[in-house]
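Notes follow the structure.
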Amino acid sequence: MSLQTIDFDRLGLEDQDRILDLGCGEGRHAISAYMVKNVEAVGIDLSLADLETTRTRFTEFLEPDNKEKSLVLSVANGYQLPFSDEQFDKVICSEVLEHIPDYRAVIAEIHRVLKPGGIFAVSVPRFFPEWICWQLSDEYHEVEGGHIRIFNAGHLHQDVASQGFEKFAHHHAHALHVPYWWLKCFFWRDDSEAQAKPVTLYHQFLVWDLMKQPRLTYWLDRILNPILGKSVVMYYVKRNAH
């Protein structure tokens, strides 16, 4: 499976949870949740192509004899989630809000569909690594469906907290991916298939690291994450209504 950004231990994922992966993309968190616990995982995205990729990948992990877990995929818009109030125990929104014009409306929808006491995990690109990418390449953020803002984590926290969430944990992730994106932006080309040699070599290293998972790079990533982590990840609980 693809590299996870959300830590399921901090998320508190448990059997019988109903979990929503909003903007699931190619399914890295939705499928991973299905794999590790007996949950009802729901993945939604605007991209039918990404959902088809998720569906194809999922066939490898399907447990047809286990009726205590499921994965449901659907095209849906985060501004108007097709669920009634308080339907989910956990909601993940990973590397999504930086693409959305009115991201506060999406946070409000997440609050609506999450049960009181439920957990919301959100991740966005960290300010400094993202700012460097924007300085190196206009194309990086001007492509269709690209990033439309650079988040300040403190400001995002204020926006989430104002909806009725209380933060209880945060961390950074994917420090080893930062040099790849800096190289990619520095050597940006219109033809995405034609990449400079340094970009290709570093991508091969990341694939090797993902497949082999050596202890050296695991600890290197953990040591560098507080300094250079590409993503900031925050965890919130929905406060009970008074």
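Each chain in the structure tokens gets a letter, A, B and so on, in the order shown; residues start at 1 in every chain, and ligands are counted from 1 in the order they appear.
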Taking the backbone alone, and naming residues the way the document does, which bits of stretch 22-202 of chain A are helix (DSSP H, G or I) by DSSP, as a PyMOL selection string?
chain A and resi 28-36+48-58+97-99+103-113+127-136+138-142+153-161+175-186+197-202
Selection from above, C-alpha atoms, as a PDB file, in the first residue's frame, can you write it?
ATOM      1  CA  ARG A  28      -4.217   4.832   0.666  1.00  0.00           C
ATOM      2  CA  HIS A  29      -5.989   5.554   3.964  1.00  0.00           C
ATOM      3  CA  ALA A  30      -9.367   3.972   3.183  1.00  0.00           C
ATOM      4  CA  ILE A  31      -7.797   0.667   2.139  1.00  0.00           C
ATOM      5  CA  SER A  32      -5.299   0.729   5.009  1.00  0.00           C
ATOM      6  CA  ALA A  33      -8.115   1.217   7.523  1.00  0.00           C
ATOM      7  CA  TYR A  34      -9.935  -1.772   6.018  1.00  0.00           C
ATOM      8  CA  MET A  35      -6.767  -3.859   6.271  1.00  0.00           C
ATOM      9  CA  VAL A  36      -5.942  -3.194   9.924  1.00  0.00           C
ATOM     10  CA  LEU A  48     -13.782   8.989 -10.842  1.00  0.00           C
ATOM     11  CA  ALA A  49     -10.384   7.917 -12.230  1.00  0.00           C
ATOM     12  CA  ASP A  50      -8.847   7.915  -8.741  1.00  0.00           C
ATOM     13  CA  LEU A  51     -11.787   5.941  -7.358  1.00  0.00           C
ATOM     14  CA  GLU A  52     -11.384   3.360 -10.130  1.00  0.00           C
ATOM     15  CA  THR A  53      -7.704   3.053  -9.177  1.00  0.00           C
ATOM     16  CA  THR A  54      -8.745   2.558  -5.566  1.00  0.00           C
ATOM     17  CA  ARG A  55     -11.238  -0.111  -6.563  1.00  0.00           C
ATOM     18  CA  THR A  56      -8.601  -1.954  -8.589  1.00  0.00           C
ATOM     19  CA  ARG A  57      -6.046  -1.824  -5.780  1.00  0.00           C
ATOM     20  CA  PHE A  58      -8.606  -2.953  -3.245  1.00  0.00           C
ATOM     21  CA  LEU A  97      -7.869  21.250   1.912  1.00  0.00           C
ATOM     22  CA  GLU A  98      -5.016  22.947   0.038  1.00  0.00           C
ATOM     23  CA  HIS A  99      -6.961  22.215  -3.182  1.00  0.00           C
ATOM     24  CA  TYR A 103     -12.095  24.830   2.872  1.00  0.00           C
ATOM     25  CA  ARG A 104     -13.881  26.142   5.975  1.00  0.00           C
ATOM     26  CA  ALA A 105     -17.203  24.935   4.518  1.00  0.00           C
ATOM     27  CA  VAL A 106     -15.699  21.444   4.198  1.00  0.00           C
ATOM     28  CA  ILE A 107     -14.551  21.529   7.821  1.00  0.00           C
ATOM     29  CA  ALA A 108     -18.101  22.474   8.833  1.00  0.00           C
ATOM     30  CA  GLU A 109     -19.469  19.491   6.882  1.00  0.00           C
ATOM     31  CA  ILE A 110     -16.955  17.194   8.582  1.00  0.00           C
ATOM     32  CA  HIS A 111     -18.164  18.466  11.953  1.00  0.00           C
ATOM     33  CA  ARG A 112     -21.770  17.798  10.931  1.00  0.00           C
ATOM     34  CA  VAL A 113     -21.263  14.151   9.921  1.00  0.00           C
ATOM     35  CA  PHE A 127       4.423  25.926   5.183  1.00  0.00           C
ATOM     36  CA  PHE A 128       8.196  26.017   4.652  1.00  0.00           C
ATOM     37  CA  PRO A 129       8.676  23.019   2.306  1.00  0.00           C
ATOM     38  CA  GLU A 130       5.597  24.097   0.344  1.00  0.00           C
ATOM     39  CA  TRP A 131       6.786  27.713   0.107  1.00  0.00           C
ATOM     40  CA  ILE A 132      10.098  26.530  -1.384  1.00  0.00           C
ATOM     41  CA  CYS A 133       8.186  24.536  -4.022  1.00  0.00           C
ATOM     42  CA  TRP A 134       6.190  27.636  -4.974  1.00  0.00           C
ATOM     43  CA  GLN A 135       9.406  29.665  -5.312  1.00  0.00           C
ATOM     44  CA  LEU A 136      11.049  27.045  -7.514  1.00  0.00           C
ATOM     45  CA  ASP A 138       4.963  28.301 -10.858  1.00  0.00           C
ATOM     46  CA  GLU A 139       3.790  25.187 -12.710  1.00  0.00           C
ATOM     47  CA  TYR A 140       3.831  23.195  -9.458  1.00  0.00           C
ATOM     48  CA  HIS A 141       0.827  25.076  -8.114  1.00  0.00           C
ATOM     49  CA  GLU A 142      -0.739  26.348 -11.337  1.00  0.00           C
ATOM     50  CA  ALA A 153      -0.703  25.479  10.569  1.00  0.00           C
ATOM     51  CA  GLY A 154      -1.676  27.849  13.364  1.00  0.00           C
ATOM     52  CA  HIS A 155      -4.300  29.549  11.222  1.00  0.00           C
ATOM     53  CA  LEU A 156      -5.706  26.214  10.070  1.00  0.00           C
ATOM     54  CA  HIS A 157      -5.902  25.076  13.685  1.00  0.00           C
ATOM     55  CA  GLN A 158      -7.911  28.185  14.558  1.00  0.00           C
ATOM     56  CA  ASP A 159     -10.323  27.484  11.700  1.00  0.00           C
ATOM     57  CA  VAL A 160     -10.830  23.882  12.832  1.00  0.00           C
ATOM     58  CA  ALA A 161     -11.141  24.742  16.515  1.00  0.00           C
ATOM     59  CA  ALA A 175      10.602  14.460   5.578  1.00  0.00           C
ATOM     60  CA  LEU A 176      12.376  12.208   3.072  1.00  0.00           C
ATOM     61  CA  HIS A 177       9.874  13.241   0.396  1.00  0.00           C
ATOM     62  CA  VAL A 178      10.768  16.936   0.611  1.00  0.00           C
ATOM     63  CA  PRO A 179      13.990  16.745  -1.472  1.00  0.00           C
ATOM     64  CA  TYR A 180      12.075  14.901  -4.198  1.00  0.00           C
ATOM     65  CA  TRP A 181       9.536  17.715  -4.570  1.00  0.00           C
ATOM     66  CA  TRP A 182      12.223  20.385  -4.441  1.00  0.00           C
ATOM     67  CA  LEU A 183      14.138  18.589  -7.201  1.00  0.00           C
ATOM     68  CA  LYS A 184      10.958  18.059  -9.202  1.00  0.00           C
ATOM     69  CA  CYS A 185      10.092  21.752  -8.987  1.00  0.00           C
ATOM     70  CA  PHE A 186      13.635  22.862  -9.815  1.00  0.00           C
ATOM     71  CA  LYS A 197      18.071  12.383 -13.842  1.00  0.00           C
ATOM     72  CA  PRO A 198      18.242  13.618 -10.210  1.00  0.00           C
ATOM     73  CA  VAL A 199      14.428  13.500  -9.999  1.00  0.00           C
ATOM     74  CA  THR A 200      14.307   9.985 -11.421  1.00  0.00           C
ATOM     75  CA  LEU A 201      17.036   8.722  -9.096  1.00  0.00           C
ATOM     76  CA  TYR A 202      15.433  10.182  -5.998  1.00  0.00           C
TER      77      TYR A 202
END
Could you go through stretch 20-229 of chain A and tell me which residues DSSP, when run on the backbone, assigns to strand (DSSP E), listing them as a ChimeraX atom specification?
/A:20-22,40-45,70-75,88-94,114-125,165-173
Enumerate, in order of chain and increasing residue number, the residues of stretch 90-205 of chain A with an atom no farther than 10 Å from stretch 19-23 of chain A, each with its shortest atom pair and distance in Å to one decimal, counting only C-alpha atoms, as a tab-separated table.
residue	atom	partner	partner_atom	distance
A:Lys90	CA	A:Ile19	CA	4.7
A:Val91	CA	A:Leu20	CA	4.7
A:Ile92	CA	A:Asp21	CA	4.8
A:Cys93	CA	A:Leu22	CA	5.1
A:Ser94	CA	A:Gly23	CA	7.3
A:Glu95	CA	A:Gly23	CA	8.2
A:Val96	CA	A:Gly23	CA	6.1
A:Leu97	CA	A:Gly23	CA	9.0
A:Val106	CA	A:Leu22	CA	9.5
A:Ile110	CA	A:Leu22	CA	8.7
A:Val113	CA	A:Leu20	CA	9.3
A:Leu114	CA	A:Leu20	CA	9.1
A:Gly118	CA	A:Ile19	CA	9.9
A:Ile119	CA	A:Ile19	CA	9.5
A:Phe120	CA	A:Leu20	CA	9.5
A:Ala121	CA	A:Asp21	CA	9.7
A:Val122	CA	A:Leu22	CA	9.9
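One distance worth recording is that between atom CA of A:Asp65 and atom CA of A:Val39, which is 14.2 Å.
Here atom CA of A:His171 is placed at a distance of 5.4 Å from atom CA of A:Val233.
Between atom CA of A:Lys238 and atom CA of A:Gln87 there is a distance of 12.8 Å.
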Which polymer residues have any atom within 8 Å of an atom of A:Asp17, counting only C-alpha atoms, with same-chain residues fewer than 4 positions away left out, as a PyMOL selection string?
chain A and resi 13+38-40+88-90
Emit the selected residues as a tab-separated table (two decimals), in the first residue's frame, including C-alpha atoms.
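Below you can see result.tsv, which holds the result:
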chain	number	residue	atom	x	y	z
A	13	LEU	CA	-9.02	3.39	14.95
A	38	ASN	CA	-12.92	-4.55	11.13
A	39	VAL	CA	-14.35	-1.21	10.04
A	40	GLU	CA	-16.84	0.21	7.59
A	88	PHE	CA	-19.03	8.60	11.46
A	89	ASP	CA	-16.72	7.69	14.33
A	90	LYS	CA	-13.62	8.92	12.51
Go through stretch 63-178 of chain A and flag each residue having an atom no more than 6 Å from stretch 224-231 of chain A; for those, report the closest pair of atoms plus their distance in Å to one decimal, using only C-alpha atoms, ordered by chain and rising number, as JSON lines.
{"residue": "A:Val124", "atom": "CA", "partner": "A:Ser231", "partner_atom": "CA", "distance": 5.6}
{"residue": "A:Pro125", "atom": "CA", "partner": "A:Ser231", "partner_atom": "CA", "distance": 4.4}
{"residue": "A:Arg126", "atom": "CA", "partner": "A:Ser231", "partner_atom": "CA", "distance": 4.9}
{"residue": "A:His172", "atom": "CA", "partner": "A:Gly229", "partner_atom": "CA", "distance": 5.0}
{"residue": "A:Ala173", "atom": "CA", "partner": "A:Gly229", "partner_atom": "CA", "distance": 4.8}
{"residue": "A:His174", "atom": "CA", "partner": "A:Gly229", "partner_atom": "CA", "distance": 5.2}
{"residue": "A:Ala175", "atom": "CA", "partner": "A:Gly229", "partner_atom": "CA", "distance": 3.9}
{"residue": "A:Val178", "atom": "CA", "partner": "A:Lys230", "partner_atom": "CA", "distance": 5.7}
Include N, CA and C atoms and write out the residues we just selected as a PDB file, in the first residue's frame.
ATOM      1  N   VAL A 124      -2.125  18.745   5.870  1.00  0.00           N
ATOM      2  CA  VAL A 124      -1.891  19.648   4.742  1.00  0.00           C
ATOM      3  C   VAL A 124      -0.382  19.797   4.583  1.00  0.00           C
ATOM      4  N   PRO A 125       0.073  20.263   3.415  1.00  0.00           N
ATOM      5  CA  PRO A 125       1.510  20.519   3.258  1.00  0.00           C
ATOM      6  C   PRO A 125       1.991  21.562   4.269  1.00  0.00           C
ATOM      7  N   ARG A 126       3.157  21.315   4.832  1.00  0.00           N
ATOM      8  CA  ARG A 126       3.750  22.230   5.804  1.00  0.00           C
ATOM      9  C   ARG A 126       4.235  23.507   5.101  1.00  0.00           C
ATOM     10  N   HIS A 172       4.545  15.788  12.307  1.00  0.00           N
ATOM     11  CA  HIS A 172       4.903  16.045  10.918  1.00  0.00           C
ATOM     12  C   HIS A 172       5.286  14.728  10.256  1.00  0.00           C
ATOM     13  N   ALA A 173       5.190  14.693   8.929  1.00  0.00           N
ATOM     14  CA  ALA A 173       5.396  13.425   8.217  1.00  0.00           C
ATOM     15  C   ALA A 173       6.119  13.654   6.893  1.00  0.00           C
ATOM     16  N   HIS A 174       6.812  12.612   6.454  1.00  0.00           N
ATOM     17  CA  HIS A 174       7.378  12.511   5.100  1.00  0.00           C
ATOM     18  C   HIS A 174       8.530  13.474   4.830  1.00  0.00           C
ATOM     19  N   ALA A 175       9.437  13.599   5.784  1.00  0.00           N
ATOM     20  CA  ALA A 175      10.602  14.460   5.578  1.00  0.00           C
ATOM     21  C   ALA A 175      11.431  14.013   4.375  1.00  0.00           C
ATOM     22  N   VAL A 178      10.571  15.517   0.917  1.00  0.00           N
ATOM     23  CA  VAL A 178      10.768  16.936   0.611  1.00  0.00           C
ATOM     24  C   VAL A 178      11.816  17.155  -0.479  1.00  0.00           C
TER      25      VAL A 178
END
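Nearest residue to A:Lys67 among A:Gln4, A:Tyr79, A:Gln16, A:Ser84 is A:Gln16, counting only C-alpha atoms.
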